[in-house]
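One file, entry.txt, is given below (compact mmCIF, C-alpha atoms and all ligand atoms).
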```
# COMPACT_ATOMS: atom_id res chain seq x y z
CA MET N 1 -39.44 58.89 3.27
CA ALA N 2 -42.27 61.00 4.61
CA LEU N 3 -41.72 62.84 7.90
CA ILE N 4 -44.91 61.35 9.39
CA GLU N 5 -46.74 58.20 8.38
CA PHE N 6 -50.13 57.07 9.63
CA GLU N 7 -50.75 53.48 8.63
CA HIS N 8 -54.18 51.89 9.10
CA VAL N 9 -54.81 54.01 12.19
CA PHE N 10 -58.08 53.66 14.07
CA LYS N 11 -59.29 55.60 17.10
CA ARG N 12 -62.29 54.25 18.97
CA TYR N 13 -63.43 56.05 22.11
CA PRO N 14 -65.02 53.96 24.85
CA GLY N 15 -68.79 53.75 24.54
CA SER N 16 -68.94 54.89 20.92
CA SER N 17 -69.89 52.51 18.10
CA ASN N 18 -68.26 54.46 15.25
CA ALA N 19 -64.53 54.95 14.97
CA ALA N 20 -63.58 58.64 15.32
CA VAL N 21 -60.58 57.88 13.08
CA ASP N 22 -61.39 55.09 10.69
CA ASP N 23 -58.49 53.38 8.91
CA LEU N 24 -56.41 56.50 8.37
CA ASN N 25 -53.50 56.30 5.94
CA LEU N 26 -51.65 59.57 5.64
CA HIS N 27 -48.13 60.70 4.82
CA ILE N 28 -46.96 64.17 5.86
CA GLU N 29 -43.93 65.48 3.98
CA ALA N 30 -41.18 67.47 5.69
CA GLY N 31 -41.70 71.21 5.25
CA GLU N 32 -45.24 71.08 3.92
CA PHE N 33 -48.32 72.90 5.15
CA LEU N 34 -51.00 70.26 5.47
CA THR N 35 -54.56 71.10 6.51
CA LEU N 36 -57.13 68.68 7.87
CA LEU N 37 -60.45 70.12 6.68
CA GLY N 38 -63.88 68.75 7.46
CA PRO N 39 -67.16 69.28 9.28
CA SER N 40 -67.48 69.11 13.05
CA GLY N 41 -67.06 65.56 14.35
CA SER N 42 -65.19 64.26 11.29
CA GLY N 43 -62.11 63.24 13.29
CA LYS N 44 -59.72 66.15 12.70
CA THR N 45 -58.92 66.87 16.36
CA SER N 46 -58.63 63.16 17.14
CA THR N 47 -56.08 62.80 14.33
CA LEU N 48 -54.07 65.76 15.66
CA MET N 49 -54.21 64.41 19.23
CA LEU N 50 -52.91 61.04 18.00
CA LEU N 51 -50.04 62.82 16.28
CA ALA N 52 -49.25 65.01 19.31
CA GLY N 53 -49.43 61.98 21.62
CA PHE N 54 -52.33 63.17 23.78
CA GLU N 55 -54.34 60.16 22.59
CA ALA N 56 -53.19 56.64 21.71
CA PRO N 57 -54.42 54.84 18.59
CA SER N 58 -56.72 51.85 19.08
CA GLU N 59 -55.00 50.18 16.13
CA GLY N 60 -52.37 51.00 13.55
CA ALA N 61 -48.97 52.63 13.39
CA ILE N 62 -47.79 56.26 13.52
CA ARG N 63 -44.18 56.86 12.50
CA LEU N 64 -41.86 59.87 12.66
CA ASP N 65 -38.83 59.51 10.36
CA GLY N 66 -39.79 55.88 9.91
CA LYS N 67 -39.73 55.14 13.65
CA SER N 68 -42.81 54.20 15.58
CA ILE N 69 -43.84 56.91 18.07
CA GLU N 70 -46.92 55.38 19.67
CA SER N 71 -45.13 54.86 22.98
CA LEU N 72 -43.43 58.28 23.01
CA PRO N 73 -45.00 60.84 25.39
CA PRO N 74 -46.00 64.24 23.94
CA HIS N 75 -42.99 66.18 25.28
CA GLN N 76 -40.56 63.80 23.59
CA ARG N 77 -42.12 64.17 20.14
CA ASN N 78 -40.65 67.60 19.40
CA MET N 79 -43.95 69.08 18.24
CA GLY N 80 -45.33 72.54 19.04
CA VAL N 81 -49.07 72.71 19.61
CA VAL N 82 -51.54 75.60 19.35
CA PHE N 83 -55.14 75.04 20.37
CA GLN N 84 -58.41 76.76 19.54
CA SER N 85 -58.91 78.41 22.89
CA TYR N 86 -56.02 80.48 24.10
CA SER N 87 -54.24 78.05 26.34
CA LEU N 88 -51.83 80.61 27.77
CA PHE N 89 -51.07 80.58 31.49
CA PRO N 90 -53.01 83.60 32.79
CA HIS N 91 -50.71 84.35 35.73
CA MET N 92 -47.57 84.42 33.57
CA THR N 93 -46.34 87.29 31.42
CA VAL N 94 -46.00 86.95 27.66
CA ALA N 95 -42.26 86.31 28.01
CA GLU N 96 -42.81 83.69 30.74
CA ASN N 97 -45.44 81.93 28.67
CA VAL N 98 -43.13 81.72 25.67
CA ALA N 99 -40.22 80.64 27.90
CA PHE N 100 -42.22 77.79 29.41
CA PRO N 101 -41.36 75.00 26.91
CA LEU N 102 -37.68 75.91 27.30
CA SER N 103 -37.81 76.04 31.12
CA VAL N 104 -39.29 72.54 31.29
CA ARG N 105 -36.50 71.41 28.93
CA LYS N 106 -33.94 72.81 31.40
CA VAL N 107 -32.44 75.29 28.94
CA SER N 108 -30.11 77.91 30.50
CA LYS N 109 -31.46 81.38 31.39
CA THR N 110 -29.31 83.22 28.85
CA VAL N 111 -30.35 80.96 25.99
CA ILE N 112 -34.01 81.22 27.07
CA ALA N 113 -33.82 85.02 26.99
CA GLU N 114 -32.36 84.99 23.47
CA LYS N 115 -34.84 82.47 22.12
CA VAL N 116 -37.87 84.16 23.67
CA THR N 117 -36.83 87.50 22.15
CA ALA N 118 -36.37 85.87 18.75
CA ALA N 119 -39.69 83.99 18.90
CA LEU N 120 -41.62 87.13 19.92
CA ALA N 121 -39.97 89.07 17.10
CA LYS N 122 -41.17 86.43 14.61
CA VAL N 123 -44.78 87.12 15.61
CA HIS N 124 -44.23 90.90 15.95
CA LEU N 125 -44.80 91.04 19.71
CA GLU N 126 -41.36 92.16 20.90
CA ASN N 127 -42.86 95.12 22.78
CA PHE N 128 -45.36 93.07 24.80
CA THR N 129 -43.04 90.90 26.88
CA HIS N 130 -44.26 92.10 30.30
CA ARG N 131 -47.98 92.02 29.65
CA LYS N 132 -50.31 89.38 31.01
CA PRO N 133 -52.59 87.47 28.58
CA ASN N 134 -55.69 89.38 29.76
CA GLN N 135 -54.01 92.63 28.63
CA LEU N 136 -53.85 91.36 25.03
CA SER N 137 -56.39 91.10 22.22
CA GLY N 138 -57.48 87.69 20.96
CA GLY N 139 -55.19 87.93 17.96
CA GLN N 140 -52.22 88.91 20.13
CA GLN N 141 -52.91 86.00 22.47
CA GLN N 142 -52.84 83.57 19.55
CA ARG N 143 -49.55 85.10 18.41
CA VAL N 144 -48.12 84.38 21.85
CA ALA N 145 -49.41 80.81 21.62
CA LEU N 146 -47.73 80.54 18.22
CA ALA N 147 -44.45 81.94 19.57
CA ARG N 148 -44.62 79.42 22.41
CA ALA N 149 -45.14 76.60 19.90
CA LEU N 150 -42.19 77.77 17.78
CA VAL N 151 -39.69 78.72 20.50
CA PHE N 152 -38.08 75.30 20.92
CA GLU N 153 -37.67 74.91 17.15
CA PRO N 154 -39.92 71.87 16.79
CA ARG N 155 -39.95 69.62 13.71
CA LEU N 156 -43.70 70.02 13.49
CA VAL N 157 -46.20 72.65 14.54
CA LEU N 158 -49.75 71.37 15.09
CA MET N 159 -52.62 73.85 15.19
CA ASP N 160 -56.23 73.03 16.00
CA GLU N 161 -58.63 75.76 14.83
CA PRO N 162 -56.31 78.42 16.29
CA LEU N 163 -58.13 81.33 14.62
CA SER N 164 -61.76 80.33 15.07
CA ALA N 165 -62.34 82.67 18.04
CA LEU N 166 -61.16 85.73 16.07
CA ASP N 167 -63.32 88.01 13.97
CA LYS N 168 -63.10 87.77 10.19
CA LYS N 169 -60.64 90.57 9.52
CA LEU N 170 -58.22 89.55 12.24
CA ARG N 171 -58.55 85.91 11.19
CA GLU N 172 -57.52 86.82 7.65
CA GLU N 173 -54.55 88.85 8.90
CA MET N 174 -53.40 85.96 11.07
CA GLN N 175 -53.73 83.56 8.13
CA LEU N 176 -51.24 85.69 6.21
CA GLU N 177 -48.96 85.77 9.28
CA ILE N 178 -49.02 81.99 9.56
CA ARG N 179 -48.31 81.68 5.82
CA ARG N 180 -45.33 84.00 6.20
CA LEU N 181 -44.00 82.08 9.21
CA HIS N 182 -44.30 78.79 7.36
CA ARG N 183 -42.37 80.20 4.43
CA GLU N 184 -39.68 81.83 6.58
CA LEU N 185 -39.11 78.98 9.00
CA GLY N 186 -39.60 76.01 6.69
CA VAL N 187 -41.18 74.09 9.58
CA THR N 188 -43.77 71.40 8.85
CA MET N 189 -47.23 72.59 9.81
CA VAL N 190 -50.38 70.54 10.33
CA PHE N 191 -53.43 72.73 10.68
CA VAL N 192 -57.02 71.82 11.53
CA THR N 193 -59.98 73.88 10.36
CA HIS N 194 -63.59 73.53 9.25
CA ASP N 195 -63.25 76.71 7.18
CA GLN N 196 -62.63 75.97 3.51
CA SER N 197 -61.35 79.43 2.63
CA GLU N 198 -58.83 79.24 5.49
CA ALA N 199 -57.68 75.85 4.20
CA MET N 200 -57.29 77.24 0.68
CA THR N 201 -55.34 80.29 1.88
CA LEU N 202 -52.83 78.37 3.94
CA SER N 203 -52.21 74.95 2.56
CA ASP N 204 -49.86 73.13 0.22
CA ARG N 205 -52.20 70.16 0.56
CA VAL N 206 -55.61 69.66 2.13
CA ALA N 207 -57.02 66.39 3.48
CA VAL N 208 -60.83 66.52 3.36
CA PHE N 209 -62.21 64.56 6.32
CA ASN N 210 -65.62 62.96 6.59
CA GLN N 211 -66.67 60.50 9.29
CA GLY N 212 -63.14 59.67 10.35
CA ARG N 213 -61.90 59.07 6.81
CA ILE N 214 -60.09 61.12 4.19
CA GLU N 215 -62.33 61.69 1.17
CA GLN N 216 -59.56 63.30 -0.88
CA LEU N 217 -56.05 64.63 -0.31
CA ALA N 218 -54.68 67.11 -2.83
CA SER N 219 -53.65 70.72 -3.38
CA PRO N 220 -56.42 73.30 -2.86
CA GLN N 221 -56.55 73.92 -6.59
CA ALA N 222 -56.83 70.23 -7.47
CA LEU N 223 -59.61 69.76 -4.90
CA TYR N 224 -61.51 72.69 -6.34
CA ASP N 225 -60.98 71.89 -10.02
CA ALA N 226 -61.27 68.12 -9.79
CA PRO N 227 -63.15 66.99 -6.69
CA ALA N 228 -63.29 63.22 -6.32
CA ASN N 229 -66.93 63.10 -5.22
CA PRO N 230 -69.95 65.28 -4.31
CA PHE N 231 -68.85 65.55 -0.68
CA VAL N 232 -65.61 67.28 -1.67
CA ALA N 233 -67.38 69.40 -4.32
CA ASN N 234 -69.86 70.57 -1.67
CA PHE N 235 -67.34 71.12 1.09
CA LEU N 236 -64.76 73.03 -0.91
CA GLY N 237 -66.47 75.84 -2.77
CA ASP N 238 -70.15 76.14 -3.63
CA ASN N 239 -71.96 73.55 -5.65
CA ASN N 240 -75.37 72.80 -7.19
CA MET N 241 -76.60 69.22 -7.49
CA LEU N 242 -79.25 67.40 -9.46
CA ASN N 243 -80.07 63.69 -9.61
CA CYS N 244 -79.55 62.06 -12.98
CA THR N 245 -79.04 58.73 -14.69
CA LEU N 246 -76.78 57.87 -17.60
CA ALA N 247 -78.54 58.30 -20.94
CA HIS N 248 -78.34 55.41 -23.37
CA GLY N 249 -75.82 55.63 -26.12
CA GLY N 250 -73.63 58.42 -24.90
CA THR N 251 -70.76 58.30 -22.45
CA GLY N 252 -71.03 62.00 -21.73
CA SER N 253 -74.77 62.30 -21.65
CA VAL N 254 -77.18 62.11 -18.73
CA LYS N 255 -80.91 62.28 -18.20
CA THR N 256 -81.65 64.65 -15.34
CA ALA N 257 -84.42 64.73 -12.77
CA THR N 258 -85.74 67.81 -14.59
CA GLY N 259 -86.43 65.65 -17.63
CA GLN N 260 -83.64 66.89 -19.86
CA THR N 261 -80.74 65.19 -21.54
CA LEU N 262 -77.51 67.06 -20.88
CA GLN N 263 -73.87 66.68 -21.76
CA ALA N 264 -71.49 66.35 -18.83
CA ARG N 265 -68.14 65.02 -17.68
CA ILE N 266 -68.70 61.54 -16.34
CA CYS N 267 -66.11 61.23 -13.59
CA ALA N 268 -63.93 58.18 -13.68
CA THR N 269 -65.18 56.56 -10.51
CA THR N 270 -68.72 56.32 -11.87
CA ALA N 271 -69.78 52.91 -13.14
CA LEU N 272 -70.57 53.57 -16.78
CA ASN N 273 -73.10 50.79 -17.23
CA SER N 274 -75.12 51.52 -14.12
CA ASP N 275 -78.79 52.42 -13.84
CA ALA N 276 -78.07 54.01 -10.49
CA THR N 277 -79.04 57.54 -9.58
CA LEU N 278 -75.99 59.74 -10.02
CA LYS N 279 -75.28 63.34 -9.04
CA LEU N 280 -74.78 66.09 -11.58
CA CYS N 281 -72.72 68.88 -10.00
CA VAL N 282 -72.18 72.42 -11.31
CA ARG N 283 -70.43 75.22 -9.43
CA PRO N 284 -72.48 78.45 -9.33
CA GLU N 285 -69.78 80.55 -11.01
CA PHE N 286 -70.04 78.32 -14.11
CA LEU N 287 -73.72 79.09 -14.63
CA GLN N 288 -74.90 81.73 -17.05
CA VAL N 289 -78.27 83.33 -16.46
CA GLY N 290 -80.67 84.25 -19.26
CA THR N 291 -84.36 84.93 -19.63
CA ASP N 292 -84.67 81.80 -21.80
CA CYS N 293 -82.47 79.06 -23.20
CA ALA N 294 -82.41 80.61 -26.66
CA ALA N 295 -80.66 83.66 -25.19
CA LEU N 296 -77.82 81.48 -23.92
CA ALA N 297 -75.22 80.00 -26.23
CA THR N 298 -74.41 77.07 -23.92
CA PRO N 299 -75.07 73.43 -24.92
CA ASN N 300 -76.76 72.71 -21.57
CA CYS N 301 -79.68 74.69 -20.22
CA LEU N 302 -82.08 74.26 -17.30
CA ASN N 303 -85.29 76.23 -16.90
CA GLY N 304 -86.62 77.53 -13.64
CA THR N 305 -88.34 80.32 -11.78
CA LEU N 306 -86.43 83.20 -10.24
CA VAL N 307 -86.76 82.93 -6.46
CA ASP N 308 -84.31 85.54 -5.27
CA LEU N 309 -81.76 88.01 -6.53
CA ILE N 310 -79.17 89.10 -3.99
CA HIS N 311 -76.48 91.73 -4.41
CA GLN N 312 -73.25 90.47 -2.81
CA GLY N 313 -70.94 93.31 -3.74
CA ASP N 314 -68.64 91.71 -6.29
CA HIS N 315 -71.37 89.46 -7.74
CA TRP N 316 -75.10 88.75 -7.83
CA ARG N 317 -76.50 85.59 -6.32
CA VAL N 318 -79.31 84.40 -8.56
CA VAL N 319 -81.53 81.75 -6.98
CA ALA N 320 -83.82 79.71 -9.21
CA ARG N 321 -86.29 76.92 -8.54
CA LEU N 322 -86.10 74.01 -10.96
CA SER N 323 -89.06 71.69 -11.18
CA THR N 324 -88.18 68.02 -11.09
CA LEU N 325 -89.98 64.93 -12.36
CA GLU N 326 -89.16 62.94 -9.27
CA SER N 327 -91.74 61.98 -6.71
CA GLY N 328 -90.97 61.93 -3.01
CA PRO N 329 -90.68 64.36 -0.16
CA HIS N 330 -87.83 66.46 -1.57
CA SER N 331 -88.82 66.37 -5.19
CA ALA N 332 -91.27 69.20 -5.67
CA ALA N 333 -88.76 72.00 -5.96
CA LEU N 334 -85.06 72.12 -6.24
CA GLN N 335 -83.06 75.29 -5.84
CA TRP N 336 -79.93 76.11 -7.76
CA PHE N 337 -77.99 79.32 -7.58
CA ALA N 338 -75.66 81.16 -9.89
CA LYS N 339 -72.95 83.70 -9.10
CA VAL N 340 -73.10 86.31 -11.82
CA SER N 341 -70.83 89.30 -12.25
CA PRO N 342 -72.78 92.58 -12.34
CA GLY N 343 -72.13 93.10 -16.06
CA ALA N 344 -73.45 89.65 -17.02
CA LEU N 345 -76.85 89.93 -15.34
CA PRO N 346 -79.79 90.33 -17.77
CA ALA N 347 -81.51 93.68 -17.25
CA GLY N 348 -84.85 93.94 -15.49
CA LEU N 349 -85.08 90.51 -13.83
CA VAL N 350 -88.07 90.20 -11.49
CA VAL N 351 -88.64 87.55 -8.84
CA GLY N 352 -91.26 85.06 -10.07
CA GLN N 353 -90.31 85.21 -13.75
CA ASN N 354 -88.85 82.35 -15.77
CA VAL N 355 -85.07 82.18 -15.97
CA SER N 356 -82.67 79.79 -17.64
CA LEU N 357 -79.34 78.54 -16.34
CA GLY N 358 -76.80 77.58 -18.99
CA PHE N 359 -73.50 75.76 -18.59
CA ARG N 360 -70.82 74.01 -20.59
CA PRO N 361 -70.48 70.18 -20.53
CA GLU N 362 -66.92 70.46 -19.19
CA ASP N 363 -68.19 72.42 -16.19
CA ALA N 364 -70.70 69.74 -15.21
CA TRP N 365 -69.41 66.71 -13.30
CA VAL N 366 -71.29 63.49 -12.83
CA PHE N 367 -70.43 61.27 -9.85
P1 LIG N 401 -63.52 67.20 14.78
O1 LIG N 401 -62.27 67.76 15.39
O2 LIG N 401 -63.41 66.96 13.31
O3 LIG N 401 -64.73 68.01 15.10
P2 LIG N 401 -63.24 65.06 16.71
O4 LIG N 401 -61.99 64.33 16.41
O5 LIG N 401 -63.24 65.99 17.85
O6 LIG N 401 -63.78 65.75 15.39
O7 LIG N 401 -64.38 63.98 16.99
C1 LIG N 401 -64.60 62.87 16.16
C2 LIG N 401 -65.66 61.98 16.81
O8 LIG N 401 -65.15 61.43 18.01
C3 LIG N 401 -66.92 62.71 17.19
O9 LIG N 401 -68.01 61.86 16.97
C4 LIG N 401 -66.73 62.98 18.67
O10 LIG N 401 -67.97 63.06 19.32
C5 LIG N 401 -65.94 61.79 19.11
N1 LIG N 401 -65.03 62.11 20.24
C6 LIG N 401 -64.05 63.02 20.23
N2 LIG N 401 -63.38 63.05 21.40
C7 LIG N 401 -63.98 62.11 22.19
C8 LIG N 401 -63.76 61.64 23.51
N3 LIG N 401 -62.77 62.13 24.27
N4 LIG N 401 -64.57 60.66 23.98
C9 LIG N 401 -65.56 60.15 23.21
N5 LIG N 401 -65.83 60.55 21.96
C10 LIG N 401 -65.05 61.51 21.44
MG MG N 402 -62.06 69.58 16.47
```
Represent the structure of the file as structure tokens.
Amino acid sequence: MALIEFEHVFKRYPGSSNAAVDDLNLHIEAGEFLTLLGPSGSGKTSTLMLLAGFEAPSEGAIRLDGKSIESLPPHQRNMGVVFQSYSLFPHMTVAENVAFPLSVRKVSKTVIAEKVTAALAKVHLENFTHRKPNQLSGGQQQRVALARALVFEPRLVLMDEPLSALDKKLREEMQLEIRRLHRELGVTMVFVTHDQSEAMTLSDRVAVFNQGRIEQLASPQALYDAPANPFVANFLGDNNMLNCTLAHGGTGSVKTATGQTLQARICATTALNSDATLKLCVRPEFLQVGTDCAALATPNCLNGTLVDLIHQGDHWRVVARLSTLESGPHSAALQWFAKVSPGALPAGLVVGQNVSLGFRPEDAWVF
């Protein structure tokens, strides 16, 4: 049995026509690190608030160990919570902040002292017990919040964008800290972020949210290597897209909006007999760049004009404009980009010249 089960859960806020959480079905396994990833407004925080008990579902069931918890108040759910903004009590010291969940649970002073010391040691803040929150850096404050969420040994730790106020380097350090804590403590963690690289760093599984629904739930690698649809392909990793239709006579062949027939992987969910406009998707690291198609040994090749060439340290970003046959407001020019390692870039490329983008059929998905 899963630790947590959401079954057909809806959350509708008063005065809003769309459900913030729209028929959510989700199982969370004991001990896993699950991330809810999605754009702003996709229902991640609402889902976490339903789980923590700060919001009640409009419909559906939420179970912990198979038992319904909808009527259980937050403090009886045995879940530690860390929010985006540092929600520490400013007038209390670090030690008092961490002790708070134990004090309200009427734990004895001696036990509190032991547990606070142990929790602060876990987040490497044992020497900061007497400081006030405003005497700490942002990263240290979030460590205190984490220690406070862990101190009463909860079954679950819920975190809502806890690192988003930190700068990049500190954020990455804290990600590794949280990974270590998850491994050492074996506690179940549910983490909310809109940052795909954070989700990939931390998670056993990632649920990709869009408009209150889960588009796909899988390991980071499975989401990256086999996205279920263009939304997931675009949200996790970079992606280029081109409209296409299925070409007659071939299951793996499509006619693109640039007028070519290309070989691609037709993903299972696509109706094979349809005349509908489909999306061809290719990740930029799978594109090879040449001065013409003859220079590339790949079965698929698109021609375009070089628009920009940007040095990004470990790779070059090569931006090309493809001309499409489609009419309509967005049709005139379509930009694709490739990520090319420095050694693989043709010499002497100049903006404005013709370039070709080549790729293998197995690296092109059609949805
Ligand atoms: P996320 O955390 O993914 O950004 P939220 O769960 O905060 O998304 O919000 C999902 C949707 O619900 C959004 O459209 C948001 O405007 C709406 N929403 C969130 N909280 C409330 C609230 N307290 N009252 C009304 N609407 C809300
Ligand atoms: Mg949110």
Legend entry - Distance query 7 Å from (-83.4, 86.5, -8.0) using only C-alpha atoms, result as a PyMOL selection string: chain N and resi 306-310+318-320+350-351
Inset, instruction - Write as a VMD selection string the residues around ligand MG 402 (chain N), taking 8 Å as the cut-off and counting all atoms listed in the file. - result: chain N and resid 40 to 41 43 to 46 160 to 161 192 to 193
Legend entry - Nearest to ligand LIG 401 (chain N) by atom-to-atom distance, counting all atoms listed in the file, from N:Pro57, N:Gln211, N:Ser85, N:Val151: N:Gln211
Legend entry - Cut-off 9 Å around (-40.8, 70.4, 21.2) with only C-alpha atoms: residues as a PyMOL selection string: chain N and resi 74-81+101-102+105+149-157
Please identify every residue of chain N that has at least one atom no farther than 12 Å from an atom of ligand LIG 401 (chain N), counting only C-alpha atoms and all ligand atoms, and for each give the shortest atom pair and the distance in Å to one decimal, arranged by chain then increasing number, as a Markdown table.
```
| residue | atom | partner | partner_atom | distance |
| --- | --- | --- | --- | --- |
| N:Phe10 | CA | N:LIG401 | O8 | 11.2 |
| N:Lys11 | CA | N:LIG401 | O8 | 8.3 |
| N:Arg12 | CA | N:LIG401 | O8 | 7.8 |
| N:Tyr13 | CA | N:LIG401 | C9 | 4.7 |
| N:Pro14 | CA | N:LIG401 | C9 | 6.4 |
| N:Gly15 | CA | N:LIG401 | C9 | 7.3 |
| N:Ser16 | CA | N:LIG401 | N5 | 6.5 |
| N:Ser17 | CA | N:LIG401 | O9 | 9.6 |
| N:Asn18 | CA | N:LIG401 | O9 | 7.6 |
| N:Ala19 | CA | N:LIG401 | O8 | 7.2 |
| N:Ala20 | CA | N:LIG401 | O8 | 4.2 |
| N:Val21 | CA | N:LIG401 | C1 | 7.1 |
| N:Asp22 | CA | N:LIG401 | C1 | 10.0 |
| N:Thr35 | CA | N:LIG401 | O2 | 11.9 |
| N:Leu36 | CA | N:LIG401 | O2 | 8.5 |
| N:Leu37 | CA | N:LIG401 | O2 | 7.9 |
| N:Gly38 | CA | N:LIG401 | O2 | 6.1 |
| N:Pro39 | CA | N:LIG401 | O2 | 6.0 |
| N:Ser40 | CA | N:LIG401 | O3 | 3.6 |
| N:Gly41 | CA | N:LIG401 | O6 | 3.4 |
| N:Ser42 | CA | N:LIG401 | O2 | 3.8 |
| N:Gly43 | CA | N:LIG401 | O4 | 3.3 |
| N:Lys44 | CA | N:LIG401 | O2 | 3.8 |
| N:Thr45 | CA | N:LIG401 | O1 | 3.6 |
| N:Ser46 | CA | N:LIG401 | O4 | 3.6 |
| N:Thr47 | CA | N:LIG401 | O4 | 6.4 |
| N:Leu48 | CA | N:LIG401 | O4 | 8.1 |
| N:Met49 | CA | N:LIG401 | O4 | 8.3 |
| N:Leu50 | CA | N:LIG401 | O4 | 9.8 |
| N:Phe54 | CA | N:LIG401 | N3 | 10.5 |
| N:Glu55 | CA | N:LIG401 | N3 | 8.8 |
| N:Ala56 | CA | N:LIG401 | N3 | 11.3 |
| N:Phe83 | CA | N:LIG401 | O1 | 11.3 |
| N:Gln84 | CA | N:LIG401 | O1 | 10.6 |
| N:Met159 | CA | N:LIG401 | O1 | 11.4 |
| N:Asp160 | CA | N:LIG401 | O1 | 8.0 |
| N:Glu161 | CA | N:LIG401 | O1 | 8.8 |
| N:Phe191 | CA | N:LIG401 | O1 | 11.2 |
| N:Val192 | CA | N:LIG401 | O1 | 7.7 |
| N:Thr193 | CA | N:LIG401 | O1 | 8.2 |
| N:His194 | CA | N:LIG401 | O2 | 7.7 |
| N:Asp195 | CA | N:LIG401 | O2 | 11.5 |
| N:Ala207 | CA | N:LIG401 | O2 | 11.7 |
| N:Val208 | CA | N:LIG401 | O2 | 10.3 |
| N:Phe209 | CA | N:LIG401 | O2 | 7.5 |
| N:Asn210 | CA | N:LIG401 | O2 | 8.1 |
| N:Gln211 | CA | N:LIG401 | C1 | 7.6 |
| N:Gly212 | CA | N:LIG401 | C1 | 6.8 |
| N:Arg213 | CA | N:LIG401 | O2 | 10.3 |
| N:Ile214 | CA | N:LIG401 | O2 | 11.3 |
```
Legend entry - Pairwise distance for atom CA of Asp275 of chain N and atom CA of Gln263 of chain N, rounded to one decimal in Å: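 Straight-line distance from atom CA of Asp275 of chain N to atom CA of Gln263 of chain N works out to 17.0 Å.
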Inset, instruction - Quote the spacing between atom CA of Ser137 of chain N and atom CA of Leu163 of chain N in Å to one decimal place. - result: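 Straight-line distance from atom CA of Ser137 of chain N to atom CA of Leu163 of chain N works out to 12.5 Å.
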Inset, instruction - Determine the nearest neighbour of Pro230 of chain N from the options N:Gln216, N:Asn354, N:Gln312, N:Ser341, counting all atoms listed in the file. - result: N:Gln216
Since the input lacks atoms, please generate all heavy atoms for segment 355-359 of chain N and provide them as an mmCIF file, in the coordinates of the input.
```cif
data_model
loop_
_atom_site.group_PDB
_atom_site.id
_atom_site.type_symbol
_atom_site.label_atom_id
_atom_site.label_comp_id
_atom_site.auth_asym_id
_atom_site.auth_seq_id
_atom_site.Cartn_x
_atom_site.Cartn_y
_atom_site.Cartn_z
ATOM 1 N N VAL N 355 -86.474 81.944 -15.621
ATOM 2 C CA VAL N 355 -85.070 82.180 -15.970
ATOM 3 C C VAL N 355 -84.469 80.870 -16.442
ATOM 4 O O VAL N 355 -84.985 79.791 -16.155
ATOM 5 C CB VAL N 355 -84.216 82.697 -14.784
ATOM 6 C CG1 VAL N 355 -84.479 84.142 -14.490
ATOM 7 C CG2 VAL N 355 -84.383 81.824 -13.566
ATOM 8 N N SER N 356 -83.368 80.978 -17.168
ATOM 9 C CA SER N 356 -82.670 79.790 -17.640
ATOM 10 C C SER N 356 -81.232 79.841 -17.149
ATOM 11 O O SER N 356 -80.626 80.902 -17.073
ATOM 12 C CB SER N 356 -82.702 79.740 -19.161
ATOM 13 O OG SER N 356 -84.045 79.664 -19.577
ATOM 14 N N LEU N 357 -80.721 78.663 -16.800
ATOM 15 C CA LEU N 357 -79.340 78.540 -16.340
ATOM 16 C C LEU N 357 -78.581 77.695 -17.361
ATOM 17 O O LEU N 357 -78.943 76.538 -17.605
ATOM 18 C CB LEU N 357 -79.299 77.844 -14.969
ATOM 19 C CG LEU N 357 -80.130 78.496 -13.853
ATOM 20 C CD1 LEU N 357 -80.089 77.633 -12.589
ATOM 21 C CD2 LEU N 357 -79.621 79.907 -13.554
ATOM 22 N N GLY N 358 -77.564 78.296 -17.966
ATOM 23 C CA GLY N 358 -76.800 77.580 -18.990
ATOM 24 C C GLY N 358 -75.409 77.236 -18.493
ATOM 25 O O GLY N 358 -74.847 77.954 -17.663
ATOM 26 N N PHE N 359 -74.866 76.128 -18.966
ATOM 27 C CA PHE N 359 -73.500 75.760 -18.590
ATOM 28 C C PHE N 359 -72.880 74.814 -19.614
ATOM 29 O O PHE N 359 -73.585 74.136 -20.360
ATOM 30 C CB PHE N 359 -73.446 75.132 -17.191
ATOM 31 C CG PHE N 359 -74.411 73.997 -16.971
ATOM 32 C CD1 PHE N 359 -74.011 72.683 -17.106
ATOM 33 C CD2 PHE N 359 -75.731 74.252 -16.611
ATOM 34 C CE1 PHE N 359 -74.892 71.632 -16.891
ATOM 35 C CE2 PHE N 359 -76.619 73.204 -16.404
ATOM 36 C CZ PHE N 359 -76.203 71.897 -16.544
#
```
